[in-house]
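Chemist: For reference, the file final20.pdb (PDB, C-alpha atoms) is included below:
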ATOM      1  CA  MET B   1       4.737 -47.653 -18.779  1.00  0.00           C
ATOM      2  CA  SER B   2       1.786 -48.495 -20.969  1.00  0.00           C
ATOM      3  CA  TYR B   3       1.520 -47.446 -24.599  1.00  0.00           C
ATOM      4  CA  GLN B   4      -2.293 -47.524 -24.243  1.00  0.00           C
ATOM      5  CA  ASN B   5      -2.597 -44.680 -21.706  1.00  0.00           C
ATOM      6  CA  ARG B   6      -2.455 -41.139 -23.086  1.00  0.00           C
ATOM      7  CA  ASN B   7      -1.142 -39.615 -19.835  1.00  0.00           C
ATOM      8  CA  GLU B   8       2.104 -41.635 -20.121  1.00  0.00           C
ATOM      9  CA  ILE B   9       2.981 -40.356 -23.613  1.00  0.00           C
ATOM     10  CA  TYR B  10       4.218 -36.818 -24.195  1.00  0.00           C
ATOM     11  CA  PRO B  11       6.181 -34.751 -26.748  1.00  0.00           C
ATOM     12  CA  GLY B  12       9.904 -35.498 -26.681  1.00  0.00           C
ATOM     13  CA  LEU B  13       9.432 -39.142 -25.659  1.00  0.00           C
ATOM     14  CA  GLU B  14      11.289 -41.779 -27.706  1.00  0.00           C
ATOM     15  CA  VAL B  15       8.901 -44.476 -28.937  1.00  0.00           C
ATOM     16  CA  GLU B  16       8.342 -47.178 -31.535  1.00  0.00           C
ATOM     17  CA  ILE B  17       5.185 -46.980 -33.627  1.00  0.00           C
ATOM     18  CA  ILE B  18       3.463 -49.053 -36.273  1.00  0.00           C
ATOM     19  CA  LEU B  19       2.438 -47.098 -39.352  1.00  0.00           C
ATOM     20  CA  LYS B  20      -0.934 -47.892 -40.950  1.00  0.00           C
ATOM     21  CA  LYS B  21       0.795 -49.365 -44.015  1.00  0.00           C
ATOM     22  CA  ASP B  22       2.935 -51.633 -41.813  1.00  0.00           C
ATOM     23  CA  GLN B  23       0.162 -53.116 -39.656  1.00  0.00           C
ATOM     24  CA  ARG B  24       0.159 -56.448 -41.519  1.00  0.00           C
ATOM     25  CA  SER B  25       3.936 -56.877 -41.576  1.00  0.00           C
ATOM     26  CA  GLY B  26       4.455 -55.551 -38.036  1.00  0.00           C
ATOM     27  CA  LYS B  27       7.376 -53.357 -39.122  1.00  0.00           C
ATOM     28  CA  ARG B  28       8.239 -50.852 -36.409  1.00  0.00           C
ATOM     29  CA  THR B  29       9.363 -47.247 -36.817  1.00  0.00           C
ATOM     30  CA  LYS B  30      11.407 -45.544 -34.096  1.00  0.00           C
ATOM     31  CA  GLY B  31      11.215 -41.829 -33.432  1.00  0.00           C
ATOM     32  CA  VAL B  32      10.457 -38.959 -31.056  1.00  0.00           C
ATOM     33  CA  VAL B  33       6.871 -37.862 -30.330  1.00  0.00           C
ATOM     34  CA  LYS B  34       5.892 -34.428 -31.659  1.00  0.00           C
ATOM     35  CA  ASP B  35       2.072 -34.490 -31.196  1.00  0.00           C
ATOM     36  CA  LEU B  36      -0.520 -36.764 -29.610  1.00  0.00           C
ATOM     37  CA  LEU B  37      -3.412 -37.387 -32.002  1.00  0.00           C
ATOM     38  CA  THR B  38      -5.631 -39.643 -29.861  1.00  0.00           C
ATOM     39  CA  SER B  39      -7.907 -37.540 -27.681  1.00  0.00           C
ATOM     40  CA  SER B  40      -9.244 -40.306 -25.416  1.00  0.00           C
ATOM     41  CA  ALA B  41      -7.374 -41.246 -22.222  1.00  0.00           C
ATOM     42  CA  PHE B  42      -7.046 -44.919 -23.270  1.00  0.00           C
ATOM     43  CA  HIS B  43      -6.898 -46.782 -26.573  1.00  0.00           C
ATOM     44  CA  SER B  44      -6.627 -50.572 -26.732  1.00  0.00           C
ATOM     45  CA  ARG B  45      -4.417 -50.605 -29.861  1.00  0.00           C
ATOM     46  CA  GLY B  46      -2.124 -47.795 -28.722  1.00  0.00           C
ATOM     47  CA  ILE B  47      -2.161 -44.021 -28.669  1.00  0.00           C
ATOM     48  CA  LYS B  48      -1.837 -42.442 -32.125  1.00  0.00           C
ATOM     49  CA  VAL B  49       1.031 -39.951 -32.403  1.00  0.00           C
ATOM     50  CA  ARG B  50       2.897 -37.859 -34.968  1.00  0.00           C
ATOM     51  CA  LEU B  51       6.677 -38.190 -34.833  1.00  0.00           C
ATOM     52  CA  GLU B  52       9.060 -35.254 -35.296  1.00  0.00           C
ATOM     53  CA  ASP B  53       9.716 -36.447 -38.867  1.00  0.00           C
ATOM     54  CA  GLY B  54       5.969 -36.272 -39.670  1.00  0.00           C
ATOM     55  CA  GLN B  55       5.125 -39.991 -39.673  1.00  0.00           C
ATOM     56  CA  VAL B  56       1.861 -41.004 -37.957  1.00  0.00           C
ATOM     57  CA  GLY B  57       1.166 -44.290 -36.219  1.00  0.00           C
ATOM     58  CA  ARG B  58       0.179 -46.050 -33.005  1.00  0.00           C
ATOM     59  CA  VAL B  59       2.660 -46.396 -30.147  1.00  0.00           C
ATOM     60  CA  ILE B  60       3.671 -49.986 -29.428  1.00  0.00           C
ATOM     61  CA  GLU B  61       6.747 -49.420 -27.237  1.00  0.00           C
ATOM     62  CA  ILE B  62       8.097 -46.627 -25.064  1.00  0.00           C
ATOM     63  CA  PHE B  63      11.805 -46.069 -24.342  1.00  0.00           C
ATOM     64  CA  ASP B  64      12.882 -44.328 -21.128  1.00  0.00           C
TER      65      ASP B  64
END
Could you write out this structure as structure tokens?

Modeler:
Amino acid sequence: MSYQNRNEIYPGLEVEIILKKDQRSGKRTKGVVKDLLTSSAFHSRGIKVRLEDGQVGRVIEIFD
């Protein structure tokens, strides 16, 4: 699965994201997708999502 393709990410999926504030450090945040915020089908840096706890960031890993 690719974190850059919107059609492979959906609500309820467990993912790791990087928050805007953590981009330099690379700190990852794990959670469950609530909403997809990127409207395009592909994004080179990852699809932007909102987690169920309200945090927003770009997907960098998907867990099955």

Chemist: How big is the axis-aligned box around all listed atoms of segment 39-56 of chain B once 5 Å goes on each side, and where's its centre, in Å to one decimal, as JSON?

Modeler:
{"center_x": 0.2, "center_y": -42.9, "center_z": -30.9, "size_x": 29.0, "size_y": 25.4, "size_z": 27.5}

Chemist: Could you check which of B:Lys30, B:Leu37, B:Ile17, B:Ser44 is closest to Ile60 of chain B, using only C-alpha atoms?

Modeler: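 Between B:Lys30, B:Leu37, B:Ile17, B:Ser44, the residue approaching Ile60 of chain B most closely is B:Ile17.
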
Chemist: Which residues, written as a compact mmCIF listing (two decimals) with C-alpha atoms, in the frame of the given file, have at least one atom at most 10 Å from Pro11 of chain B, with only C-alpha atoms counted and residues fewer than 4 positions away on the same chain left out?

Modeler:
# COMPACT_ATOMS: atom_id res chain seq x y z
CA VAL B 32 10.46 -38.96 -31.06
CA VAL B 33 6.87 -37.86 -30.33
CA LYS B 34 5.89 -34.43 -31.66
CA ASP B 35 2.07 -34.49 -31.20
CA LEU B 36 -0.52 -36.76 -29.61
CA VAL B 49 1.03 -39.95 -32.40
CA ARG B 50 2.90 -37.86 -34.97
CA LEU B 51 6.68 -38.19 -34.83
CA GLU B 52 9.06 -35.25 -35.30

Chemist: Using the chain letters and residue numbers of this document, give as a PyMOL selection string the residues selected by the PyMOL selection byres ((chain B and resi 7) around 12).

Modeler: chain B and resi 1-6+8-11+36+38-43+47

Chemist: Env of segment 21-28 of chain B: 12 Å cut, atoms = only C-alpha atoms, seq-sep filter 6 positions within chain, self excluded. Answer as a list of chain:residue names.

Modeler: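 Surrounding residues, per the criterion: B:Val15, B:Arg45, B:Gln55, B:Val56, B:Gly57, B:Arg58, B:Val59, B:Ile60, B:Glu61.
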
Chemist: Can you spell out as a list in words the set of residues that the PyMOL selection byres ((chain B and resi 63) around 9) selects in the structure I just provided?

Modeler: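 Checking the PyMOL selection byres ((chain B and resi 63) around 9) against this file, the residues are Leu13, Glu14, Val15, Glu16, Glu61, Ile62 and Asp64 of chain B.
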
Chemist: Selection from above, C-alpha atoms, as a PDB file, in the frame of the given file, can you write it?

Modeler:
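The resulting result-v5.pdb:
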ATOM      1  CA  LEU B  13       9.432 -39.142 -25.659  1.00  0.00           C
ATOM      2  CA  GLU B  14      11.289 -41.779 -27.706  1.00  0.00           C
ATOM      3  CA  VAL B  15       8.901 -44.476 -28.937  1.00  0.00           C
ATOM      4  CA  GLU B  16       8.342 -47.178 -31.535  1.00  0.00           C
ATOM      5  CA  GLU B  61       6.747 -49.420 -27.237  1.00  0.00           C
ATOM      6  CA  ILE B  62       8.097 -46.627 -25.064  1.00  0.00           C
ATOM      7  CA  ASP B  64      12.882 -44.328 -21.128  1.00  0.00           C
TER       8      ASP B  64
END

Chemist: Take segment 29-49 of chain B, bring it up to N, CA and C atoms, and give me the output as a compact mmCIF listing (two decimals), in the frame of the given file.

Modeler:
# COMPACT_ATOMS: atom_id res chain seq x y z
N THR B 29 8.66 -48.48 -36.48
CA THR B 29 9.36 -47.25 -36.82
C THR B 29 9.69 -46.53 -35.51
N LYS B 30 10.97 -46.20 -35.33
CA LYS B 30 11.41 -45.54 -34.10
C LYS B 30 11.50 -44.04 -34.32
N GLY B 31 11.13 -43.27 -33.31
CA GLY B 31 11.22 -41.83 -33.43
C GLY B 31 10.84 -41.13 -32.14
N VAL B 32 10.77 -39.80 -32.21
CA VAL B 32 10.46 -38.96 -31.06
C VAL B 32 9.09 -38.32 -31.27
N VAL B 33 8.24 -38.38 -30.25
CA VAL B 33 6.87 -37.86 -30.33
C VAL B 33 6.88 -36.34 -30.49
N LYS B 34 6.11 -35.86 -31.47
CA LYS B 34 5.89 -34.43 -31.66
C LYS B 34 4.50 -34.04 -31.15
N ASP B 35 3.46 -34.79 -31.58
CA ASP B 35 2.07 -34.49 -31.20
C ASP B 35 1.35 -35.77 -30.85
N LEU B 36 0.40 -35.67 -29.91
CA LEU B 36 -0.52 -36.76 -29.61
C LEU B 36 -1.79 -36.53 -30.40
N LEU B 37 -2.24 -37.54 -31.14
CA LEU B 37 -3.41 -37.39 -32.00
C LEU B 37 -4.66 -38.06 -31.43
N THR B 38 -4.49 -39.00 -30.51
CA THR B 38 -5.63 -39.64 -29.86
C THR B 38 -6.10 -38.74 -28.73
N SER B 39 -7.39 -38.44 -28.71
CA SER B 39 -7.91 -37.54 -27.68
C SER B 39 -8.40 -38.28 -26.44
N SER B 40 -8.75 -39.56 -26.57
CA SER B 40 -9.24 -40.31 -25.42
C SER B 40 -8.09 -40.67 -24.49
N ALA B 41 -8.39 -40.93 -23.23
CA ALA B 41 -7.37 -41.25 -22.22
C ALA B 41 -6.77 -42.63 -22.41
N PHE B 42 -7.50 -43.54 -23.08
CA PHE B 42 -7.05 -44.92 -23.27
C PHE B 42 -7.44 -45.40 -24.66
N HIS B 43 -6.55 -46.14 -25.30
CA HIS B 43 -6.90 -46.78 -26.57
C HIS B 43 -6.27 -48.16 -26.59
N SER B 44 -7.07 -49.18 -26.84
CA SER B 44 -6.63 -50.57 -26.73
C SER B 44 -5.51 -50.94 -27.72
N ARG B 45 -5.46 -50.28 -28.87
CA ARG B 45 -4.42 -50.60 -29.86
C ARG B 45 -3.24 -49.66 -29.80
N GLY B 46 -3.23 -48.74 -28.86
CA GLY B 46 -2.12 -47.80 -28.72
C GLY B 46 -2.54 -46.38 -29.07
N ILE B 47 -1.88 -45.44 -28.44
CA ILE B 47 -2.16 -44.02 -28.67
C ILE B 47 -1.55 -43.61 -30.00
N LYS B 48 -2.32 -42.90 -30.82
CA LYS B 48 -1.84 -42.44 -32.12
C LYS B 48 -1.04 -41.15 -31.93
N VAL B 49 0.15 -41.11 -32.54
CA VAL B 49 1.03 -39.95 -32.40
C VAL B 49 1.61 -39.56 -33.76
